[in-house]
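Raw target01.cif, mmCIF, C-alpha atoms:
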data_final
#
loop_
_atom_site.label_atom_id
_atom_site.label_comp_id
_atom_site.auth_asym_id
_atom_site.auth_seq_id
_atom_site.Cartn_x
_atom_site.Cartn_y
_atom_site.Cartn_z
CA MET A 24 19.04 -5.04 3.76
CA SER A 25 19.61 -4.11 7.42
CA ALA A 26 17.23 -1.95 9.45
CA ASP A 27 19.83 0.85 9.39
CA ARG A 28 20.11 0.76 5.59
CA THR A 29 16.32 0.72 5.28
CA ALA A 30 16.07 3.79 7.53
CA LEU A 31 18.74 5.60 5.48
CA ALA A 32 16.95 4.73 2.23
CA ARG A 33 13.71 6.15 3.61
CA ILE A 34 15.40 9.37 4.71
CA SER A 35 17.01 9.66 1.28
CA ALA A 36 13.59 9.26 -0.39
CA LEU A 37 12.18 12.07 1.75
CA VAL A 38 15.07 14.41 0.91
CA LYS A 39 14.72 13.65 -2.82
CA ALA A 40 11.00 14.40 -2.70
CA LEU A 41 11.61 17.69 -0.94
CA CYS A 42 14.34 18.73 -3.36
CA SER A 43 12.45 17.74 -6.50
CA GLY A 44 9.24 19.51 -5.58
CA HIS A 45 7.33 16.24 -6.00
CA LEU A 46 6.28 16.44 -2.35
CA PHE A 47 4.13 19.45 -3.20
CA PHE A 48 3.24 19.02 -6.88
CA GLY A 49 3.09 15.26 -7.41
CA THR A 50 -0.02 13.11 -7.73
CA PRO A 51 -0.86 9.59 -6.50
CA GLU A 52 -0.32 8.44 -10.10
CA SER A 53 3.04 10.13 -10.60
CA THR A 54 4.19 8.79 -7.23
CA ALA A 55 3.55 5.23 -8.43
CA VAL A 56 5.64 5.85 -11.54
CA ARG A 57 8.56 7.01 -9.38
CA LEU A 58 8.48 4.14 -6.87
CA PRO A 59 11.82 2.32 -6.53
CA LEU A 60 10.22 -1.12 -6.56
CA GLY A 61 12.28 -3.84 -4.90
CA SER A 62 14.28 -1.28 -2.89
CA GLU A 63 13.13 -2.52 0.52
CA PRO A 64 13.47 -5.96 2.14
CA ARG A 65 10.72 -8.39 1.17
CA GLU A 66 9.55 -9.65 4.52
CA SER A 67 7.82 -7.79 7.34
CA SER A 68 8.95 -8.45 10.90
CA PRO A 69 7.41 -11.43 12.72
CA ASP A 70 6.67 -8.97 15.55
CA CYS A 71 4.58 -6.68 13.31
CA ILE A 72 0.99 -6.42 14.56
CA PHE A 73 -0.55 -6.79 11.08
CA ARG A 74 1.55 -9.87 10.35
CA SER A 75 0.58 -11.32 13.72
CA MET A 76 -3.10 -10.77 12.87
CA VAL A 77 -3.04 -12.45 9.46
CA GLU A 78 -1.00 -15.35 10.87
CA GLY A 79 -3.50 -15.88 13.71
CA ARG A 80 -1.10 -14.91 16.50
CA ALA A 81 -2.96 -11.76 17.57
CA LYS A 82 -6.56 -10.76 18.07
CA VAL A 83 -8.13 -9.13 15.01
CA PRO A 84 -10.33 -6.16 15.94
CA ARG A 85 -12.82 -4.82 13.39
CA LYS A 86 -12.46 -7.72 10.93
CA VAL A 87 -14.69 -7.09 7.90
CA SER A 88 -13.96 -9.94 5.50
CA GLU A 89 -11.34 -12.39 4.22
CA THR A 90 -10.16 -13.91 0.96
CA PRO A 91 -7.59 -16.70 0.50
CA GLY A 92 -4.78 -14.15 0.23
CA THR A 93 -6.07 -11.19 2.27
CA MET A 94 -7.80 -9.99 5.41
CA VAL A 95 -9.89 -6.80 5.47
CA ILE A 96 -10.19 -4.82 8.70
CA GLY A 97 -11.50 -1.42 9.73
CA ASP A 98 -8.88 1.27 10.30
CA HIS A 99 -8.63 2.07 14.02
CA ARG A 100 -8.39 5.80 13.20
CA PRO A 101 -10.77 6.19 10.23
CA VAL A 102 -10.58 9.32 8.10
CA ALA A 103 -13.99 8.78 6.47
CA THR A 104 -17.28 6.99 7.10
CA HIS A 105 -15.80 3.86 5.55
CA HIS A 106 -12.04 3.39 5.95
CA LEU A 107 -10.79 -0.17 5.51
CA LEU A 108 -7.35 -1.76 5.33
CA VAL A 109 -6.60 -4.79 3.18
CA LEU A 110 -3.74 -6.84 4.60
CA PRO A 111 -2.00 -9.51 2.52
CA ARG A 112 -1.42 -12.83 4.24
CA ALA A 113 2.05 -12.84 2.69
CA PRO A 114 4.53 -11.11 5.03
CA ILE A 115 5.47 -8.20 2.74
CA LEU A 116 7.10 -5.12 4.28
CA SER A 117 5.83 -2.27 2.06
CA VAL A 118 4.86 -1.19 -1.44
CA LEU A 119 8.59 -0.72 -2.08
CA SER A 120 9.09 -4.46 -1.50
CA LEU A 121 6.94 -5.35 -4.51
CA GLU A 122 8.54 -6.60 -7.72
CA PRO A 123 7.20 -7.11 -11.25
CA THR A 124 6.31 -10.78 -10.87
CA ALA A 125 3.11 -12.69 -11.55
CA GLU A 126 2.85 -13.32 -7.80
CA ASP A 127 2.85 -9.61 -6.92
CA VAL A 128 0.57 -8.61 -9.81
CA ASN A 129 -1.96 -11.23 -8.68
CA LEU A 130 -1.64 -10.15 -5.05
CA ILE A 131 -2.36 -6.48 -5.76
CA GLU A 132 -5.29 -7.45 -7.99
CA GLU A 133 -6.70 -9.58 -5.15
CA MET A 134 -6.16 -6.81 -2.59
CA VAL A 135 -7.92 -4.22 -4.75
CA GLU A 136 -10.90 -6.49 -5.43
CA ALA A 137 -11.14 -7.52 -1.76
CA GLY A 138 -11.23 -3.86 -0.72
CA LYS A 139 -13.82 -2.89 -3.31
CA GLN A 140 -16.03 -5.86 -2.45
CA ALA A 141 -15.86 -5.05 1.26
CA LEU A 142 -16.92 -1.46 0.53
CA ARG A 143 -19.77 -2.74 -1.66
CA ASP A 144 -20.93 -5.07 1.12
CA LEU A 145 -21.00 -2.09 3.50
CA ASN A 146 -23.09 -0.08 1.00
CA ALA A 147 -20.36 2.55 0.85
CA PRO A 148 -21.51 5.89 -0.57
CA GLY A 149 -20.67 7.39 -3.94
CA PRO A 150 -19.65 5.82 -7.24
CA GLU A 151 -16.72 3.41 -7.07
CA SER A 152 -14.68 5.77 -9.25
CA GLU A 153 -14.64 8.22 -6.32
CA TRP A 154 -13.42 5.71 -3.75
CA VAL A 155 -9.83 6.22 -2.59
CA LEU A 156 -7.66 3.10 -2.84
CA GLY A 157 -3.93 3.37 -2.34
CA PHE A 158 -0.73 2.76 -0.44
CA HIS A 159 1.36 5.01 1.73
CA VAL A 160 5.03 4.95 0.78
CA PRO A 161 7.86 4.73 3.34
CA PRO A 162 8.81 6.66 5.40
CA PHE A 163 5.12 7.66 5.74
CA THR A 164 3.84 4.24 6.72
CA SER A 165 2.32 3.67 10.15
CA VAL A 166 2.80 -0.11 10.22
CA ASP A 167 5.60 -1.96 8.44
CA HIS A 168 3.44 -4.55 6.69
CA LEU A 169 1.95 -3.87 3.26
CA HIS A 170 -1.63 -2.63 3.54
CA LEU A 171 -4.08 -1.04 1.12
CA HIS A 172 -6.25 1.86 2.28
CA CYS A 173 -9.82 1.69 0.93
CA ILE A 174 -11.88 4.79 1.66
CA ALA A 175 -15.40 5.92 0.75
CA GLY A 176 -17.20 9.06 1.82
CA PRO A 177 -16.04 12.59 2.65
CA LEU A 178 -12.56 12.78 4.15
CA THR A 179 -11.85 14.43 7.49
CA TRP A 180 -9.18 17.17 7.63
CA ARG A 181 -6.70 14.51 8.76
CA GLY A 182 -7.70 12.36 5.80
CA ARG A 183 -7.16 15.20 3.36
CA LEU A 184 -3.73 15.75 4.87
CA LYS A 185 -2.77 12.06 4.65
CA PHE A 186 -4.20 11.29 1.22
CA TYR A 187 -4.21 14.53 -0.76
CA PHE A 188 -1.49 16.79 0.60
CA ASN A 189 1.03 14.02 1.28
CA ARG A 190 1.51 13.72 -2.48
CA ALA A 191 5.00 12.24 -2.68
CA PHE A 192 4.29 9.38 -0.30
CA TYR A 193 0.86 8.16 -1.36
CA ALA A 194 0.43 6.00 -4.48
CA SER A 195 -2.92 5.02 -5.97
CA ALA A 196 -3.57 1.29 -6.14
CA SER A 197 -4.56 1.43 -9.81
CA ALA A 198 -1.29 3.17 -10.76
CA VAL A 199 0.81 0.71 -8.72
CA LEU A 200 -0.98 -2.22 -10.36
CA THR A 201 -0.62 -0.74 -13.85
CA ARG A 202 3.11 -0.22 -13.30
CA LEU A 203 3.62 -3.77 -12.00
CA GLN A 204 1.67 -5.21 -14.96
CA HIS A 205 3.65 -3.13 -17.46
CA LEU A 206 7.02 -4.07 -15.99
CA TYR A 207 6.04 -7.72 -15.64
CA ALA A 208 5.10 -7.85 -19.31
CA LYS A 209 8.57 -6.51 -20.22
CA THR A 210 10.61 -8.54 -17.70
CA PRO A 211 11.76 -12.12 -18.29
CA GLU A 212 11.46 -14.30 -15.23
CA LEU A 213 14.12 -16.59 -13.80
CA ASP A 214 12.82 -19.52 -11.75
CA GLY A 215 9.65 -17.61 -10.88
CA HIS A 216 11.45 -14.50 -9.67
CA SER A 217 11.86 -11.17 -11.41
CA ALA A 218 15.08 -10.76 -13.31
CA LEU A 219 15.14 -7.18 -12.04
CA SER A 220 16.33 -6.62 -8.51
CA ARG A 221 15.67 -2.88 -8.71
CA VAL A 222 13.15 -1.05 -10.82
#

Could you render the structure as structure tokens?
Amino acid sequence: MSADRTALARISALVKALCSGHLFFGTPESTAVRLPLGSEPRESSPDCIFRSMVEGRAKVPRKVSETPGTMVIGDHRPVATHHLLVLPRAPILSVLSLEPTAEDVNLIEEMVEAGKQALRDLNAPGPESEWVLGFHVPPFTSVDHLHLHCIAGPLTWRGRLKFYFNRAFYASASAVLTRLQHLYAKTPELDGHSALSRV
């Protein structure tokens, strides 16, 4: 998919959210159910700063931890006491690039666990059930490389705007993972790739 088609698809998603009322009345869980998985190109740009970091081509500020498939860094504009980003080492563009495959299910599981463990290691406040873990959905993504927000502690006004009032373009990690697992269980695979090109 070309950059122009990607931009048009993102504008279309925004218009649909506005017209449906989901922008104002949706939830992070209902957003995940509505995601058009596989609708964006798979690979992030080689020039993307997050991709450059995980590939060792750019300096990594605020690195917190690493796993074989992820890197955890501090957000450069935190919206809470603890605001981390989990970056996959795989060059994936966005949450809309995910497909119901074993590879993507395992990746999201690893990202979620890496984020939670990093918050635990930082002695993040509150019970884990109150931590905010999720993905922004294009066109409301700041960097075009998949990244998981992991937040603990009271949100600033900007955080409330980005994670609570931006309902149509924020999907909880648990709901995204549940949807991928459900679709993967129902989808036959062909040579390791999902038989569905659009979900």

Using all atoms listed in the file, the best pick from A:Ser197, A:Glu63, A:Lys185, A:Pro84 as closest to Phe163 (chain A) would be A:Lys185

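With all atoms listed in the file as the atoms that count, the residue of A:Pro111, A:Leu178, A:Ala81, A:Trp154 with the shortest distance to Asn129 (chain A) is A:Pro111.
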
Nearest to Lys209 (chain A) by atom-to-atom distance, counting all atoms listed in the file, from A:Ser165, A:Thr179, A:Thr124, A:Ser152: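 That would be A:Thr124, the residue with the smallest distance to Lys209 (chain A).
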
Can you tell me, as number ranges by chain, what residues are no more than 10 Å from Val77 (chain A) when counting only C-alpha atoms, ignoring any on the same chain fewer than 3 positions away? A: 72-74, 80-83, 89, 92-95, 110-114

Same residues, C-alpha atoms, saved as a compact mmCIF listing (two decimals), keeping the file's coordinate frame:
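Generated file (selection_6.txt):
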# COMPACT_ATOMS: atom_id res chain seq x y z
CA ILE A 72 0.99 -6.42 14.56
CA PHE A 73 -0.55 -6.79 11.08
CA ARG A 74 1.55 -9.87 10.35
CA ARG A 80 -1.10 -14.91 16.50
CA ALA A 81 -2.96 -11.76 17.57
CA LYS A 82 -6.56 -10.76 18.07
CA VAL A 83 -8.13 -9.13 15.01
CA GLU A 89 -11.34 -12.39 4.22
CA GLY A 92 -4.78 -14.15 0.23
CA THR A 93 -6.07 -11.19 2.27
CA MET A 94 -7.80 -9.99 5.41
CA VAL A 95 -9.89 -6.80 5.47
CA LEU A 110 -3.74 -6.84 4.60
CA PRO A 111 -2.00 -9.51 2.52
CA ARG A 112 -1.42 -12.83 4.24
CA ALA A 113 2.05 -12.84 2.69
CA PRO A 114 4.53 -11.11 5.03

Expand the PyMOL selection byres ((chain A and resi 68) around 12) into the individual residues it matches in the shown file, reporting them as a PDB file with C-alpha atoms, in the coordinates of the input.
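That gives us expr27.pdb:
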ATOM      1  CA  ALA A  26      17.230  -1.950   9.450  1.00  0.00           C
ATOM      2  CA  PRO A  64      13.470  -5.960   2.140  1.00  0.00           C
ATOM      3  CA  ARG A  65      10.720  -8.390   1.170  1.00  0.00           C
ATOM      4  CA  GLU A  66       9.550  -9.650   4.520  1.00  0.00           C
ATOM      5  CA  SER A  67       7.820  -7.790   7.340  1.00  0.00           C
ATOM      6  CA  PRO A  69       7.410 -11.430  12.720  1.00  0.00           C
ATOM      7  CA  ASP A  70       6.670  -8.970  15.550  1.00  0.00           C
ATOM      8  CA  CYS A  71       4.580  -6.680  13.310  1.00  0.00           C
ATOM      9  CA  ILE A  72       0.990  -6.420  14.560  1.00  0.00           C
ATOM     10  CA  PHE A  73      -0.550  -6.790  11.080  1.00  0.00           C
ATOM     11  CA  ARG A  74       1.550  -9.870  10.350  1.00  0.00           C
ATOM     12  CA  SER A  75       0.580 -11.320  13.720  1.00  0.00           C
ATOM     13  CA  ALA A 113       2.050 -12.840   2.690  1.00  0.00           C
ATOM     14  CA  PRO A 114       4.530 -11.110   5.030  1.00  0.00           C
ATOM     15  CA  ILE A 115       5.470  -8.200   2.740  1.00  0.00           C
ATOM     16  CA  LEU A 116       7.100  -5.120   4.280  1.00  0.00           C
ATOM     17  CA  SER A 117       5.830  -2.270   2.060  1.00  0.00           C
ATOM     18  CA  VAL A 166       2.800  -0.110  10.220  1.00  0.00           C
ATOM     19  CA  ASP A 167       5.600  -1.960   8.440  1.00  0.00           C
ATOM     20  CA  HIS A 168       3.440  -4.550   6.690  1.00  0.00           C
ATOM     21  CA  LEU A 169       1.950  -3.870   3.260  1.00  0.00           C
TER      22      LEU A 169
END

Determine the residue set returned by the PyMOL selection byres ((chain A and resi 103) around 10) for the present structure, and present it as a VMD selection string. chain A and resid 98 100 to 102 104 to 107 173 to 183

Run the PyMOL selection byres ((chain A and resi 156) around 12) against the file shown and list the residues it catches, as an MDAnalysis selection string. chainID A and resid 51:52 105:109 131:132 134:139 142 151:155 157:159 170:175 186 193:200

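Coordinates place CA of Val56 (chain A) at a distance of 9.8 Å from CA of Leu203 (chain A).
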
Do you have the CA of Leu119 (chain A)-CA of Pro161 (chain A) distance handy?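 Taking CA of Leu119 (chain A) as the start and CA of Pro161 (chain A) as the end point, the length is 7.7 Å.
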